[in-house]
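Participant: Next comes the structure file protein-v7.txt, holding compact mmCIF, N, CA and C atoms.
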# COMPACT_ATOMS: atom_id res chain seq x y z
N MET X 85 -5.36 -13.45 4.30
CA MET X 85 -4.41 -12.37 4.41
C MET X 85 -5.19 -11.11 4.77
N VAL X 86 -4.74 -10.41 5.82
CA VAL X 86 -5.43 -9.20 6.28
C VAL X 86 -4.50 -8.01 6.16
N ALA X 87 -5.11 -6.82 6.08
CA ALA X 87 -4.31 -5.60 6.08
C ALA X 87 -3.84 -5.36 7.51
N TYR X 88 -2.59 -5.03 7.69
CA TYR X 88 -2.03 -4.84 9.01
C TYR X 88 -2.19 -3.41 9.50
N THR X 89 -2.60 -3.29 10.74
CA THR X 89 -2.60 -2.01 11.44
C THR X 89 -1.44 -2.08 12.43
N PRO X 90 -1.00 -0.94 12.96
CA PRO X 90 0.04 -1.01 13.99
C PRO X 90 -0.37 -1.89 15.18
N ALA X 91 -1.66 -1.86 15.55
CA ALA X 91 -2.14 -2.68 16.67
C ALA X 91 -2.05 -4.17 16.32
N ALA X 92 -2.42 -4.55 15.09
CA ALA X 92 -2.34 -5.95 14.67
C ALA X 92 -0.89 -6.43 14.63
N LEU X 93 0.00 -5.56 14.14
CA LEU X 93 1.42 -5.91 14.11
C LEU X 93 1.94 -6.08 15.53
N LYS X 94 1.57 -5.16 16.43
CA LYS X 94 2.00 -5.25 17.82
C LYS X 94 1.54 -6.56 18.45
N ALA X 95 0.29 -6.94 18.22
CA ALA X 95 -0.25 -8.18 18.79
C ALA X 95 0.49 -9.40 18.25
N GLU X 96 0.73 -9.42 16.96
CA GLU X 96 1.42 -10.58 16.38
C GLU X 96 2.88 -10.66 16.85
N LEU X 97 3.54 -9.52 16.94
CA LEU X 97 4.91 -9.51 17.45
C LEU X 97 4.94 -10.02 18.89
N HIS X 98 4.00 -9.53 19.69
CA HIS X 98 3.93 -9.93 21.10
C HIS X 98 3.71 -11.44 21.22
N GLU X 99 2.84 -11.96 20.36
CA GLU X 99 2.55 -13.40 20.34
C GLU X 99 3.80 -14.22 20.05
N ARG X 100 4.69 -13.66 19.26
CA ARG X 100 5.93 -14.36 18.88
C ARG X 100 7.10 -14.05 19.83
N GLY X 101 6.80 -13.25 20.87
CA GLY X 101 7.85 -12.94 21.84
C GLY X 101 8.68 -11.73 21.48
N TRP X 102 8.26 -10.97 20.50
CA TRP X 102 8.96 -9.74 20.11
C TRP X 102 8.14 -8.54 20.53
N ARG X 103 8.71 -7.37 20.38
CA ARG X 103 7.95 -6.18 20.75
C ARG X 103 7.85 -5.22 19.57
N MET X 104 6.85 -4.37 19.68
CA MET X 104 6.66 -3.32 18.67
C MET X 104 7.62 -2.20 19.01
N THR X 105 8.51 -1.90 18.10
CA THR X 105 9.45 -0.80 18.31
C THR X 105 8.99 0.40 17.49
N PRO X 106 9.42 1.57 17.85
CA PRO X 106 9.08 2.76 17.05
C PRO X 106 9.54 2.61 15.59
N GLN X 107 10.68 1.94 15.39
CA GLN X 107 11.20 1.76 14.03
C GLN X 107 10.27 0.85 13.22
N ARG X 108 9.77 -0.21 13.82
CA ARG X 108 8.86 -1.12 13.11
C ARG X 108 7.56 -0.40 12.75
N GLU X 109 7.06 0.39 13.68
CA GLU X 109 5.83 1.13 13.40
C GLU X 109 6.05 2.14 12.28
N THR X 110 7.20 2.82 12.30
CA THR X 110 7.52 3.80 11.25
C THR X 110 7.62 3.13 9.89
N ILE X 111 8.28 1.98 9.84
CA ILE X 111 8.43 1.25 8.57
C ILE X 111 7.05 0.82 8.05
N LEU X 112 6.22 0.27 8.91
CA LEU X 112 4.88 -0.15 8.51
C LEU X 112 4.08 1.03 7.96
N LYS X 113 4.05 2.12 8.70
CA LYS X 113 3.28 3.29 8.28
C LYS X 113 3.82 3.87 6.96
N THR X 114 5.13 3.84 6.79
CA THR X 114 5.72 4.35 5.55
C THR X 114 5.23 3.54 4.35
N PHE X 115 5.27 2.21 4.47
CA PHE X 115 4.80 1.37 3.36
C PHE X 115 3.30 1.53 3.13
N GLN X 116 2.54 1.68 4.19
CA GLN X 116 1.09 1.85 4.04
C GLN X 116 0.74 3.16 3.34
N ASN X 117 1.60 4.17 3.47
CA ASN X 117 1.32 5.49 2.90
C ASN X 117 1.94 5.71 1.52
N LEU X 118 2.65 4.72 1.00
CA LEU X 118 3.26 4.87 -0.33
C LEU X 118 2.19 4.83 -1.41
N PRO X 119 2.40 5.56 -2.50
CA PRO X 119 1.47 5.46 -3.63
C PRO X 119 1.46 4.02 -4.17
N GLU X 120 0.30 3.60 -4.65
CA GLU X 120 0.16 2.26 -5.21
C GLU X 120 1.19 2.04 -6.31
N GLY X 121 1.79 0.87 -6.33
CA GLY X 121 2.77 0.54 -7.36
C GLY X 121 4.19 0.92 -7.00
N THR X 122 4.41 1.45 -5.79
CA THR X 122 5.75 1.86 -5.38
C THR X 122 6.46 0.68 -4.71
N HIS X 123 7.67 0.43 -5.14
CA HIS X 123 8.51 -0.62 -4.58
C HIS X 123 9.78 0.05 -4.05
N LEU X 124 10.20 -0.30 -2.85
CA LEU X 124 11.39 0.31 -2.26
C LEU X 124 12.42 -0.74 -1.90
N SER X 125 13.69 -0.42 -2.14
CA SER X 125 14.77 -1.25 -1.62
C SER X 125 15.05 -0.76 -0.20
N ALA X 126 15.87 -1.48 0.53
CA ALA X 126 16.23 -1.05 1.88
C ALA X 126 16.91 0.31 1.83
N GLU X 127 17.75 0.51 0.84
CA GLU X 127 18.45 1.79 0.70
C GLU X 127 17.48 2.92 0.37
N ASP X 128 16.51 2.65 -0.51
CA ASP X 128 15.49 3.65 -0.84
C ASP X 128 14.71 4.05 0.41
N LEU X 129 14.32 3.05 1.20
CA LEU X 129 13.57 3.31 2.42
C LEU X 129 14.39 4.13 3.40
N CYS X 130 15.65 3.79 3.55
CA CYS X 130 16.54 4.51 4.45
C CYS X 130 16.62 5.98 4.05
N GLU X 131 16.78 6.23 2.76
CA GLU X 131 16.87 7.60 2.25
C GLU X 131 15.56 8.35 2.45
N LEU X 132 14.44 7.70 2.16
CA LEU X 132 13.13 8.31 2.33
C LEU X 132 12.89 8.70 3.79
N LEU X 133 13.22 7.80 4.70
CA LEU X 133 13.02 8.07 6.12
C LEU X 133 13.92 9.20 6.59
N LYS X 134 15.14 9.24 6.07
CA LYS X 134 16.07 10.32 6.42
C LYS X 134 15.50 11.67 5.97
N GLU X 135 14.95 11.71 4.74
CA GLU X 135 14.34 12.94 4.22
C GLU X 135 13.15 13.38 5.06
N GLU X 136 12.43 12.42 5.65
CA GLU X 136 11.26 12.73 6.46
C GLU X 136 11.60 12.97 7.92
N GLY X 137 12.91 13.01 8.24
CA GLY X 137 13.33 13.27 9.61
C GLY X 137 13.20 12.08 10.53
N GLU X 138 13.15 10.88 9.97
CA GLU X 138 13.03 9.64 10.74
C GLU X 138 14.23 8.75 10.44
N PRO X 139 15.43 9.18 10.81
CA PRO X 139 16.60 8.37 10.46
C PRO X 139 16.63 7.04 11.21
N ILE X 140 16.60 5.98 10.44
CA ILE X 140 16.71 4.63 10.99
C ILE X 140 17.90 3.99 10.28
N GLY X 141 18.77 3.36 11.03
CA GLY X 141 19.97 2.75 10.47
C GLY X 141 19.65 1.68 9.44
N LEU X 142 20.51 1.56 8.45
CA LEU X 142 20.29 0.61 7.36
C LEU X 142 20.22 -0.84 7.87
N SER X 143 21.04 -1.19 8.85
CA SER X 143 20.99 -2.56 9.36
C SER X 143 19.66 -2.83 10.07
N THR X 144 19.12 -1.84 10.77
CA THR X 144 17.81 -1.98 11.42
C THR X 144 16.73 -2.14 10.35
N ILE X 145 16.84 -1.38 9.28
CA ILE X 145 15.87 -1.48 8.18
C ILE X 145 15.92 -2.88 7.56
N TYR X 146 17.13 -3.37 7.27
CA TYR X 146 17.25 -4.71 6.68
C TYR X 146 16.61 -5.77 7.58
N ARG X 147 16.90 -5.73 8.88
CA ARG X 147 16.35 -6.72 9.81
C ARG X 147 14.82 -6.67 9.83
N ASN X 148 14.28 -5.46 9.87
CA ASN X 148 12.83 -5.32 9.97
C ASN X 148 12.12 -5.64 8.65
N LEU X 149 12.73 -5.33 7.53
CA LEU X 149 12.14 -5.71 6.24
C LEU X 149 12.07 -7.23 6.13
N LYS X 150 13.13 -7.90 6.55
CA LYS X 150 13.16 -9.37 6.49
C LYS X 150 12.10 -9.95 7.42
N LEU X 151 12.00 -9.42 8.64
CA LEU X 151 11.01 -9.90 9.60
C LEU X 151 9.59 -9.68 9.08
N MET X 152 9.31 -8.49 8.59
CA MET X 152 7.96 -8.18 8.11
C MET X 152 7.62 -8.98 6.86
N SER X 153 8.60 -9.34 6.08
CA SER X 153 8.36 -10.21 4.91
C SER X 153 8.02 -11.62 5.37
N ARG X 154 8.76 -12.14 6.34
CA ARG X 154 8.48 -13.48 6.85
C ARG X 154 7.11 -13.55 7.50
N MET X 155 6.65 -12.44 8.07
CA MET X 155 5.34 -12.40 8.71
C MET X 155 4.21 -12.23 7.70
N GLY X 156 4.56 -11.89 6.44
CA GLY X 156 3.55 -11.71 5.41
C GLY X 156 3.00 -10.29 5.33
N ILE X 157 3.61 -9.36 6.04
CA ILE X 157 3.17 -7.96 6.03
C ILE X 157 3.68 -7.25 4.78
N LEU X 158 4.93 -7.53 4.44
CA LEU X 158 5.54 -6.97 3.24
C LEU X 158 5.81 -8.09 2.26
N ARG X 159 5.89 -7.73 1.00
CA ARG X 159 6.29 -8.68 -0.03
C ARG X 159 7.73 -8.36 -0.41
N GLU X 160 8.57 -9.38 -0.43
CA GLU X 160 9.94 -9.22 -0.88
C GLU X 160 9.96 -9.58 -2.36
N LEU X 161 10.39 -8.65 -3.17
CA LEU X 161 10.37 -8.84 -4.61
C LEU X 161 11.79 -8.76 -5.16
N GLU X 162 12.05 -9.50 -6.21
CA GLU X 162 13.31 -9.35 -6.93
C GLU X 162 12.94 -8.99 -8.36
N LEU X 163 12.57 -7.71 -8.54
CA LEU X 163 12.14 -7.23 -9.84
C LEU X 163 13.34 -7.00 -10.76
N VAL X 164 14.46 -6.64 -10.16
CA VAL X 164 15.71 -6.45 -10.88
C VAL X 164 16.69 -7.45 -10.27
N GLU X 165 17.47 -8.11 -11.11
CA GLU X 165 18.38 -9.14 -10.63
C GLU X 165 19.29 -8.61 -9.52
N ASP X 166 19.38 -9.39 -8.44
CA ASP X 166 20.24 -9.09 -7.29
C ASP X 166 19.87 -7.81 -6.55
N GLN X 167 18.63 -7.36 -6.66
CA GLN X 167 18.20 -6.19 -5.89
C GLN X 167 16.81 -6.47 -5.33
N LYS X 168 16.75 -6.65 -4.03
CA LYS X 168 15.47 -6.91 -3.38
C LYS X 168 14.74 -5.59 -3.18
N GLN X 169 13.46 -5.62 -3.48
CA GLN X 169 12.59 -4.48 -3.24
C GLN X 169 11.39 -4.98 -2.44
N TYR X 170 10.71 -4.06 -1.81
CA TYR X 170 9.60 -4.42 -0.93
C TYR X 170 8.39 -3.55 -1.22
N GLU X 171 7.23 -4.13 -0.93
CA GLU X 171 5.97 -3.40 -1.01
C GLU X 171 5.04 -3.98 0.04
N ILE X 172 4.01 -3.23 0.38
CA ILE X 172 3.04 -3.72 1.34
C ILE X 172 2.30 -4.89 0.71
N ASN X 173 2.03 -5.92 1.47
CA ASN X 173 1.33 -7.10 0.98
C ASN X 173 -0.17 -6.84 1.12
N GLN X 174 -0.81 -6.51 0.04
CA GLN X 174 -2.23 -6.15 0.04
C GLN X 174 -3.11 -7.39 -0.01
N PRO X 175 -4.17 -7.40 0.80
CA PRO X 175 -5.12 -8.51 0.71
C PRO X 175 -5.95 -8.39 -0.57
N SER X 176 -6.63 -9.46 -0.91
CA SER X 176 -7.53 -9.43 -2.06
C SER X 176 -8.59 -8.36 -1.79
N PRO X 177 -9.04 -7.57 -2.69
CA PRO X 177 -8.90 -7.62 -4.15
C PRO X 177 -7.71 -6.81 -4.68
N HIS X 178 -6.84 -6.31 -3.79
CA HIS X 178 -5.71 -5.48 -4.23
C HIS X 178 -4.46 -6.29 -4.54
N HIS X 179 -4.53 -7.58 -4.31
CA HIS X 179 -3.40 -8.47 -4.55
C HIS X 179 -3.03 -8.42 -6.03
N HIS X 180 -1.73 -8.38 -6.33
CA HIS X 180 -1.32 -8.25 -7.73
C HIS X 180 -0.01 -8.99 -7.98
N HIS X 181 0.35 -9.05 -9.24
CA HIS X 181 1.55 -9.73 -9.71
C HIS X 181 2.34 -8.75 -10.57
N HIS X 182 3.50 -9.18 -11.09
CA HIS X 182 4.38 -8.25 -11.80
C HIS X 182 4.84 -8.82 -13.15
N LEU X 183 4.84 -7.94 -14.14
CA LEU X 183 5.40 -8.21 -15.46
C LEU X 183 6.61 -7.30 -15.58
N ILE X 184 7.81 -7.87 -15.74
CA ILE X 184 9.05 -7.12 -15.66
C ILE X 184 9.85 -7.25 -16.95
N CYS X 185 10.28 -6.12 -17.49
CA CYS X 185 11.16 -6.15 -18.65
C CYS X 185 12.58 -6.46 -18.17
N VAL X 186 13.18 -7.49 -18.77
CA VAL X 186 14.52 -7.91 -18.35
C VAL X 186 15.62 -6.98 -18.86
N ARG X 187 15.28 -6.09 -19.79
CA ARG X 187 16.29 -5.14 -20.32
C ARG X 187 16.26 -3.81 -19.59
N CYS X 188 15.09 -3.20 -19.42
CA CYS X 188 15.02 -1.85 -18.83
C CYS X 188 14.40 -1.85 -17.42
N SER X 189 13.94 -3.00 -16.96
CA SER X 189 13.35 -3.17 -15.62
C SER X 189 11.99 -2.50 -15.44
N LYS X 190 11.38 -2.01 -16.53
CA LYS X 190 10.03 -1.46 -16.41
C LYS X 190 9.13 -2.56 -15.86
N THR X 191 8.30 -2.19 -14.88
CA THR X 191 7.45 -3.17 -14.22
C THR X 191 6.00 -2.74 -14.32
N ILE X 192 5.17 -3.68 -14.71
CA ILE X 192 3.73 -3.46 -14.77
C ILE X 192 3.09 -4.40 -13.76
N GLU X 193 2.20 -3.85 -12.94
CA GLU X 193 1.45 -4.68 -12.00
C GLU X 193 0.15 -5.12 -12.66
N PHE X 194 -0.25 -6.36 -12.41
CA PHE X 194 -1.51 -6.85 -12.95
C PHE X 194 -2.18 -7.76 -11.94
N LYS X 195 -3.47 -7.86 -12.05
CA LYS X 195 -4.26 -8.70 -11.14
C LYS X 195 -4.66 -9.98 -11.86
N ASN X 196 -4.66 -11.06 -11.11
CA ASN X 196 -5.13 -12.34 -11.63
C ASN X 196 -5.55 -13.17 -10.43
N ASP X 197 -6.84 -13.21 -10.19
CA ASP X 197 -7.36 -13.92 -9.02
C ASP X 197 -7.10 -15.42 -9.08
N SER X 198 -7.00 -15.98 -10.27
CA SER X 198 -6.82 -17.44 -10.35
C SER X 198 -5.46 -17.85 -9.79
N VAL X 199 -4.44 -17.02 -9.93
CA VAL X 199 -3.12 -17.34 -9.37
C VAL X 199 -3.22 -17.42 -7.85
N LEU X 200 -3.89 -16.44 -7.25
CA LEU X 200 -4.06 -16.41 -5.80
C LEU X 200 -4.91 -17.60 -5.33
N LYS X 201 -5.96 -17.94 -6.07
CA LYS X 201 -6.82 -19.06 -5.69
C LYS X 201 -6.06 -20.38 -5.73
N VAL X 202 -5.25 -20.58 -6.77
CA VAL X 202 -4.45 -21.81 -6.87
C VAL X 202 -3.46 -21.87 -5.71
N GLY X 203 -2.81 -20.74 -5.40
CA GLY X 203 -1.86 -20.70 -4.29
C GLY X 203 -2.54 -21.02 -2.97
N ALA X 204 -3.69 -20.42 -2.72
CA ALA X 204 -4.42 -20.65 -1.47
C ALA X 204 -4.88 -22.10 -1.36
N LYS X 205 -5.39 -22.64 -2.46
CA LYS X 205 -5.89 -24.03 -2.46
C LYS X 205 -4.73 -25.01 -2.22
N THR X 206 -3.61 -24.78 -2.87
CA THR X 206 -2.45 -25.64 -2.72
C THR X 206 -1.92 -25.60 -1.29
N ALA X 207 -1.83 -24.39 -0.73
CA ALA X 207 -1.36 -24.24 0.65
C ALA X 207 -2.30 -24.94 1.62
N GLU X 208 -3.59 -24.72 1.45
CA GLU X 208 -4.59 -25.31 2.35
C GLU X 208 -4.55 -26.83 2.31
N LYS X 209 -4.44 -27.38 1.09
CA LYS X 209 -4.42 -28.83 0.91
C LYS X 209 -3.23 -29.46 1.65
N SER X 210 -2.14 -28.72 1.73
CA SER X 210 -0.94 -29.24 2.39
C SER X 210 -0.85 -28.83 3.86
N GLY X 211 -1.87 -28.11 4.36
CA GLY X 211 -1.87 -27.70 5.76
C GLY X 211 -1.07 -26.44 6.04
N TYR X 212 -0.70 -25.72 4.99
CA TYR X 212 0.06 -24.49 5.15
C TYR X 212 -0.90 -23.31 5.31
N GLN X 213 -0.39 -22.22 5.88
CA GLN X 213 -1.16 -20.98 5.93
C GLN X 213 -0.55 -20.02 4.92
N LEU X 214 -1.33 -19.61 3.95
CA LEU X 214 -0.85 -18.74 2.88
C LEU X 214 -0.52 -17.35 3.43
N LEU X 215 0.69 -16.88 3.18
CA LEU X 215 1.09 -15.52 3.53
C LEU X 215 1.11 -14.64 2.29
N ASP X 216 1.54 -15.22 1.19
CA ASP X 216 1.66 -14.45 -0.04
C ASP X 216 1.70 -15.40 -1.22
N CYS X 217 1.26 -14.92 -2.34
CA CYS X 217 1.32 -15.68 -3.57
C CYS X 217 1.63 -14.66 -4.66
N GLN X 218 2.78 -14.79 -5.29
CA GLN X 218 3.12 -13.80 -6.30
C GLN X 218 3.70 -14.47 -7.54
N LEU X 219 3.33 -13.90 -8.65
CA LEU X 219 3.83 -14.36 -9.93
C LEU X 219 4.61 -13.22 -10.56
N SER X 220 5.84 -13.51 -10.95
CA SER X 220 6.65 -12.53 -11.66
C SER X 220 6.93 -13.08 -13.04
N ILE X 221 6.53 -12.33 -14.05
CA ILE X 221 6.76 -12.74 -15.43
C ILE X 221 7.87 -11.87 -15.98
N HIS X 222 8.92 -12.49 -16.47
CA HIS X 222 10.06 -11.77 -17.03
C HIS X 222 9.96 -11.82 -18.54
N ALA X 223 9.99 -10.65 -19.16
CA ALA X 223 9.78 -10.54 -20.60
C ALA X 223 10.58 -9.35 -21.13
N VAL X 224 10.39 -9.02 -22.39
CA VAL X 224 11.01 -7.84 -23.00
C VAL X 224 9.88 -6.93 -23.45
N CYS X 225 9.89 -5.69 -22.98
CA CYS X 225 8.81 -4.75 -23.28
C CYS X 225 8.87 -4.32 -24.75
N PRO X 226 7.80 -3.73 -25.27
CA PRO X 226 7.77 -3.30 -26.67
C PRO X 226 8.89 -2.32 -27.04
N ALA X 227 9.20 -1.36 -26.17
CA ALA X 227 10.25 -0.39 -26.48
C ALA X 227 11.61 -1.08 -26.61
N CYS X 228 11.90 -2.00 -25.73
CA CYS X 228 13.18 -2.72 -25.81
C CYS X 228 13.21 -3.66 -27.00
N GLN X 229 12.07 -4.24 -27.36
CA GLN X 229 12.01 -5.09 -28.55
C GLN X 229 12.37 -4.27 -29.79
N ARG X 230 11.82 -3.05 -29.88
CA ARG X 230 12.12 -2.19 -31.03
C ARG X 230 13.59 -1.80 -31.07
N SER X 231 14.20 -1.61 -29.90
CA SER X 231 15.59 -1.17 -29.87
C SER X 231 16.57 -2.27 -30.25
N ILE X 232 16.14 -3.55 -30.15
CA ILE X 232 17.07 -4.65 -30.48
C ILE X 232 16.82 -5.22 -31.88
N LEU X 233 15.73 -4.79 -32.51
CA LEU X 233 15.46 -5.28 -33.86
C LEU X 233 16.34 -4.55 -34.88
N PRO X 234 16.85 -5.27 -35.84
CA PRO X 234 17.64 -4.60 -36.89
C PRO X 234 16.72 -3.72 -37.75
N ILE X 235 17.25 -2.61 -38.21
CA ILE X 235 16.46 -1.67 -39.03
C ILE X 235 16.53 -2.02 -40.49
Written as structure tokens, how would this file's structure read?
Facilitator:
Amino acid sequence: MVAYTPAALKAELHERGWRMTPQRETILKTFQNLPEGTHLSAEDLCELLKEEGEPIGLSTIYRNLKLMSRMGILRELELVEDQKQYEINQPSPHHHHHLICVRCSKTIEFKNDSVLKVGAKTAEKSGYQLLDCQLSIHAVCPACQRSILPI
């Protein structure tokens, strides 16, 4: 897994018969410039781009998020039930996983190289090319545990 530059994205799109559009480049650069640990839904991205003077239609955003996820550039996450969020897919050593509270949706990112190694080894053994390997652990955080315990 490599970090994508606009030139690398353009080359891969061209190889697949697609073209690099200004919208795709804007979406890529936006995700690359987000603070670490930031996850955006399509609606969040649309709003952010509008605030930055880069209005891109929501349907265009949805199509490009899906495409970039399938290409392994973005990670599609379901941190909250029925709400897809996205983040840049970082190569190792920045690759990470998520611990999510099922009550308040607080999310903690953590690293575990063994998860990635098992995913890569399994993919390779079956002739697959690994695009992403993610582990999401659903639990109840300490604050929510305290709020549900009887006093």
Participant: Quick one: distance from atom C of Tyr170 in chain X to atom C of Gly156 in chain X in Å, one decimal?
Facilitator: 10.8 Å
Participant: Which one of X:Ile145, X:Cys185, X:Ile157, X:Ile172 sits closest to His123 in chain X if you count all atoms listed in the file?
Facilitator: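 Closest residue, counting all atoms listed in the file: X:Ile172.
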Participant: To one decimal place in Å, what is the distance between atom C of Asn173 in chain X and CA of Ser125 in chain X?
Facilitator: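 Computing the Euclidean distance for atom C of Asn173 in chain X and CA of Ser125 in chain X yields 16.2 Å.
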Participant: In Å, with one decimal, what is the gap from atom C of His182 in chain X to atom N of Leu132 in chain X?
Facilitator: 24.5 Å
Participant: Can you pull out every residue from chain X that DSSP, working from the backbone, puts in strand (DSSP E), and format the result as a ChimeraX atom specification?
Facilitator: /X:158-164,167-172,181-185,191-194,220-223
Participant: What's around range 198-207 of chain X at 8 Å? Count all atoms listed in the file, leave out sequence neighbours fewer than 4 positions away in its own chain, and write the answer as a PyMOL selection string.
Facilitator: chain X and resi 211-219
Participant: Please tell me which residues are no farther than 6 Å from (3.0, -0.5, 0.8) in the file, counting all atoms listed in the file, and write them as a ChimeraX atom specification.
Facilitator: /X:114-118,171-173
